[in-house]
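K.L.:
Sharing a structure below in structure tokens format, with a few things to ask.
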Amino acid sequence: MGDNVPQGKPCTIDPRAVVDPGASLDEGVQIGPFAIVGPHVRIGRGTVIGSHSVIEGRTTIGADNRIFHFASIGAVPQDLKYQDEESFLVIGDRNRIREFSTIHLGTEGGGMETRVGDDNLFMAYSHVAHDCRIGHGVILANAATLGGHVAVGDGAILGGLAGVHQFCRIGKMAFIAAGSLVVQDVPPFMIVQGDRARLAGLNLEGLKRKGFGPDAVSGLKKAYRILFRSDLSLAEAVSMVRAEQAMPSEVEELIRFILSSERGITR
């Protein structure tokens with residue numbers, strides 16, 4: 001491997017793997033049999049690459065990730081507008097990318113970069129398309145699929161076979177039920193389900209698990225009733241919620257998300 005392996009804990013590279021001499025591997029990286037690592041790939045400390053996986057493109061992977069066998073990371077986008085521009089994929093730390101998952105490079109139309117944060121779980125057959133932005137602590141269950149330019153907030157969960165239309169945003173701590181088809185922005189802290197997806201309530205179980213306090217939960221419940229279960233227009237409901245004093249920060253985040261929506265809000 002020459003100079004691309006640093007001093008320190010040695011890398012473990014199966015002799016049946018194909019690792020380009022131009023790849024950069026930090027200490028303690030493990031690469032399994034029949035894996036392929038391309039010339040522009042950078043892999044951080046302690047990351048494990050499973051057998052038969054392919055890591056290519058201008059891809060940077062952080063520390064202590066686990067990429068399972070047959071995953072495809074950094075392939076060119078499934079976008080007919082893509083013209084081999086030098087785009088990028090950046091993946092953070094401690095992610096788990098399971099079997100047959102796919103994460104693609106960015107495109108010129110999306111800032112040239114797909115970005116994945118830390119501590120995420122991508123279950124088998126999940127797909128992250130070009131120019132997506134994934135936060136921290138996100139879960140994509142089996143075969144969940146993100147179209148291009150989708151943004152997913154911290155702690156969001158997408159159930160199995162859920163699909164998200166391109167350019168949609170999934171808010172922080174949102175829960176997308178299995179099999180849902182999302183075509184508009186999903187507000188933070190909410191549950192949606194169905195084809196086409198509709199709101200089904202607050203993600204109360206998720207809030208409980210993450211330790212949100214009673215003031216936050218109470219404020220979100222009240223905001224939910226006004227925003228989504230009253231006869232007011234969304235603009236009128238937002239004005240009513242904003243008129244409340246001592247609004248919890250979680251409600252403020254919900255309102256900011258709604259007001260910044262370009263695709264419309266799932267209701």
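Convention: chains lettered A, B, ... in structure tokens order; per-chain residue numbering from 1; ligands numbered from 1 as shown.
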I need the residues in range 43-262 of chain A that are strand (DSSP E) according to DSSP; give them as number ranges by chain.
P.N.:
A: 43, 48-49, 54-55, 58-61, 66-67, 72-75, 88-91, 96-97, 102-104, 113-116, 121-122, 127-128, 133-134, 139-140, 145-146, 151-152, 157-158, 163-164, 169-170, 175-176, 181-182, 190-193, 198-202
K.L.:
Which range 113-217 of chain A residues have any atom within 6 Å of an atom of range 83-101 of chain A, and for each, what is the nearest pair of atoms with distance in Å to one decimal, counting only C-alpha atoms, rows sorted by chain and number, as CSV?
P.N.:
```
residue,atom,partner,partner_atom,distance
A:Glu113,CA,A:Phe88,CA,4.7
A:Thr114,CA,A:Leu89,CA,4.8
A:Arg115,CA,A:Val90,CA,4.9
A:Val116,CA,A:Ile91,CA,4.6
A:Gly117,CA,A:Gly92,CA,4.8
A:Asp118,CA,A:Asp93,CA,4.8
A:Asp119,CA,A:Asn95,CA,4.7
A:Asn120,CA,A:Asn95,CA,4.8
A:Leu121,CA,A:Arg96,CA,4.9
A:Phe122,CA,A:Ile97,CA,4.8
A:Met123,CA,A:Arg98,CA,5.0
A:Ala124,CA,A:Glu99,CA,4.7
A:Tyr125,CA,A:Ser101,CA,4.4
A:Ser126,CA,A:Ser101,CA,4.9
A:His127,CA,A:Ser101,CA,5.8
```
K.L.:
Pull N, CA and C atoms from the residues just selected and write them as a compact mmCIF listing (two decimals), in the first residue's frame.
P.N.:
```txt
# COMPACT_ATOMS: atom_id res chain seq x y z
N GLU A 113 -21.97 17.94 -3.58
CA GLU A 113 -21.63 17.11 -2.42
C GLU A 113 -22.85 16.44 -1.81
N THR A 114 -22.73 15.15 -1.52
CA THR A 114 -23.64 14.43 -0.64
C THR A 114 -22.96 14.34 0.72
N ARG A 115 -23.71 14.58 1.78
CA ARG A 115 -23.08 14.61 3.11
C ARG A 115 -23.89 13.81 4.12
N VAL A 116 -23.19 12.96 4.87
CA VAL A 116 -23.78 12.12 5.91
C VAL A 116 -23.08 12.45 7.22
N GLY A 117 -23.85 12.65 8.29
CA GLY A 117 -23.28 13.00 9.58
C GLY A 117 -22.75 11.79 10.35
N ASP A 118 -22.96 11.78 11.65
CA ASP A 118 -22.42 10.77 12.55
C ASP A 118 -23.53 9.88 13.12
N ASP A 119 -23.15 8.65 13.49
CA ASP A 119 -24.00 7.76 14.29
C ASP A 119 -25.32 7.40 13.62
N ASN A 120 -25.29 7.28 12.30
CA ASN A 120 -26.48 6.89 11.55
C ASN A 120 -26.48 5.40 11.26
N LEU A 121 -27.67 4.85 11.03
CA LEU A 121 -27.82 3.45 10.64
C LEU A 121 -28.58 3.38 9.32
N PHE A 122 -27.93 2.81 8.32
CA PHE A 122 -28.55 2.58 7.02
C PHE A 122 -28.75 1.07 6.87
N MET A 123 -29.97 0.61 7.04
CA MET A 123 -30.23 -0.82 6.98
C MET A 123 -30.16 -1.32 5.53
N ALA A 124 -30.25 -2.64 5.39
CA ALA A 124 -30.02 -3.29 4.10
C ALA A 124 -30.91 -2.69 3.00
N TYR A 125 -30.31 -2.48 1.85
CA TYR A 125 -30.98 -2.01 0.63
C TYR A 125 -31.46 -0.55 0.72
N SER A 126 -31.09 0.17 1.75
CA SER A 126 -31.47 1.58 1.79
C SER A 126 -30.66 2.36 0.75
N HIS A 127 -31.21 3.51 0.34
CA HIS A 127 -30.57 4.28 -0.73
C HIS A 127 -30.57 5.76 -0.38
```
K.L.:
Using only C-alpha atoms, which of the listed residues (A:Gln78, A:Gln30, A:Ser249, A:Gln184) sits closest to Arg66 in chain A?
P.N.:
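Closest residue, counting only C-alpha atoms: A:Gln30.
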K.L.:
Which residues come within 9 Å of range 168-177 of chain A, counting only C-alpha atoms, excluding same-chain residues fewer than 6 positions away, as a ChimeraX atom specification?
P.N.:
/A:135,138,147-160,162,183-194,197,202-203,206-207,254,257,261-264
K.L.:
Taking C-alpha atoms for each residue, export the selection above as a short mmCIF file (atom, residue, chain, number, x, y, z; two decimals), in the first residue's frame.
P.N.:
```cif
data_model
loop_
_atom_site.label_atom_id
_atom_site.label_comp_id
_atom_site.auth_asym_id
_atom_site.auth_seq_id
_atom_site.Cartn_x
_atom_site.Cartn_y
_atom_site.Cartn_z
CA GLY A 135 -27.85 14.68 10.02
CA VAL A 138 -30.77 8.99 11.66
CA GLY A 147 -34.51 10.93 -3.81
CA GLY A 148 -31.93 13.54 -4.75
CA HIS A 149 -31.43 16.71 -2.68
CA VAL A 150 -33.36 15.38 0.35
CA ALA A 151 -32.42 16.78 3.77
CA VAL A 152 -32.97 14.62 6.87
CA GLY A 153 -32.76 16.14 10.35
CA ASP A 154 -31.12 14.67 13.43
CA GLY A 155 -32.79 11.65 14.98
CA ALA A 156 -35.31 11.09 12.19
CA ILE A 157 -36.42 7.50 11.46
CA LEU A 158 -37.64 6.18 8.12
CA GLY A 159 -39.46 2.86 8.21
CA GLY A 160 -38.90 0.04 5.77
CA ALA A 162 -40.51 4.38 2.81
CA VAL A 183 -43.91 14.20 -1.36
CA GLN A 184 -43.82 17.28 0.89
CA ASP A 185 -41.73 18.43 3.85
CA VAL A 186 -42.30 16.55 7.09
CA PRO A 187 -42.25 18.84 10.16
CA PRO A 188 -39.93 18.11 13.08
CA PHE A 189 -41.17 15.79 15.86
CA MET A 190 -44.09 14.46 13.80
CA ILE A 191 -45.26 11.03 12.60
CA VAL A 192 -46.44 10.60 9.02
CA GLN A 193 -47.82 7.57 7.24
CA GLY A 194 -49.57 6.49 4.08
CA ALA A 197 -48.07 10.50 3.50
CA LEU A 202 -46.59 13.79 17.40
CA ASN A 203 -43.66 11.39 17.75
CA GLY A 206 -39.36 9.30 20.23
CA LEU A 207 -39.49 12.43 22.37
CA LEU A 254 -41.13 23.67 14.28
CA PHE A 257 -39.22 24.72 9.58
CA SER A 261 -40.73 25.19 3.41
CA GLU A 262 -40.61 25.40 -0.38
CA ARG A 263 -42.44 22.16 -1.23
CA GLY A 264 -45.25 22.62 1.25
#
```
K.L.:
If we count only C-alpha atoms, what is near Val238 in chain A at a cut-off of 12 Å, once residues fewer than 4 positions away on the same chain are taken out, given as number ranges by chain?
P.N.:
A: 222-228, 230, 232-234, 242-244, 251-252, 254-259
K.L.:
Give me, as number ranges by chain, the residues of range 167-246 of chain A that a backbone DSSP run labels helix (DSSP H, G or I).
P.N.:
A: 204-209, 214-228, 234-242
K.L.:
Give me a file of those residues, with C-alpha atoms, as a PDB file, in the first residue's frame.
P.N.:
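Below is the file that was written, out.pdb:
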```
ATOM      1  CA  LEU A 204     -44.300  11.127  21.489  1.00  0.00           C
ATOM      2  CA  GLU A 205     -42.415   7.868  21.951  1.00  0.00           C
ATOM      3  CA  GLY A 206     -39.360   9.300  20.233  1.00  0.00           C
ATOM      4  CA  LEU A 207     -39.492  12.432  22.366  1.00  0.00           C
ATOM      5  CA  LYS A 208     -39.738  10.294  25.498  1.00  0.00           C
ATOM      6  CA  ARG A 209     -36.787   8.143  24.500  1.00  0.00           C
ATOM      7  CA  PRO A 214     -42.606  18.071  29.975  1.00  0.00           C
ATOM      8  CA  ASP A 215     -42.546  21.732  28.894  1.00  0.00           C
ATOM      9  CA  ALA A 216     -41.276  20.801  25.439  1.00  0.00           C
ATOM     10  CA  VAL A 217     -43.810  18.001  25.026  1.00  0.00           C
ATOM     11  CA  SER A 218     -46.688  20.129  26.284  1.00  0.00           C
ATOM     12  CA  GLY A 219     -45.714  23.002  24.002  1.00  0.00           C
ATOM     13  CA  LEU A 220     -45.466  20.724  20.977  1.00  0.00           C
ATOM     14  CA  LYS A 221     -48.861  19.154  21.740  1.00  0.00           C
ATOM     15  CA  LYS A 222     -50.501  22.572  21.887  1.00  0.00           C
ATOM     16  CA  ALA A 223     -48.755  23.738  18.713  1.00  0.00           C
ATOM     17  CA  TYR A 224     -49.776  20.543  16.934  1.00  0.00           C
ATOM     18  CA  ARG A 225     -53.448  21.054  17.767  1.00  0.00           C
ATOM     19  CA  ILE A 226     -53.372  24.650  16.522  1.00  0.00           C
ATOM     20  CA  LEU A 227     -51.262  24.049  13.420  1.00  0.00           C
ATOM     21  CA  PHE A 228     -52.699  20.795  12.163  1.00  0.00           C
ATOM     22  CA  LEU A 234     -51.587  27.364   8.139  1.00  0.00           C
ATOM     23  CA  ALA A 235     -50.611  31.055   8.074  1.00  0.00           C
ATOM     24  CA  GLU A 236     -53.271  31.889  10.665  1.00  0.00           C
ATOM     25  CA  ALA A 237     -52.253  28.946  12.841  1.00  0.00           C
ATOM     26  CA  VAL A 238     -48.596  29.950  12.723  1.00  0.00           C
ATOM     27  CA  SER A 239     -49.520  33.476  13.816  1.00  0.00           C
ATOM     28  CA  MET A 240     -51.557  32.106  16.722  1.00  0.00           C
ATOM     29  CA  VAL A 241     -48.727  29.846  17.896  1.00  0.00           C
ATOM     30  CA  ARG A 242     -46.178  32.656  17.613  1.00  0.00           C
TER      31      ARG A 242
END
```
K.L.:
Using only C-alpha atoms, find the one residue out of A:Leu199, A:Ala129, A:Val54, A:Val29 that sits nearest to Gln166 in chain A.
P.N.:
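Closest residue, counting only C-alpha atoms: A:Ala129.
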K.L.:
Which of these, A:Val76, A:Ala178, A:Ile31, A:Ala144, has the shortest distance to Val164 in chain A once you count only C-alpha atoms?
P.N.:
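Among A:Val76, A:Ala178, A:Ile31, A:Ala144, it is A:Ala144 that comes nearest to Val164 in chain A.
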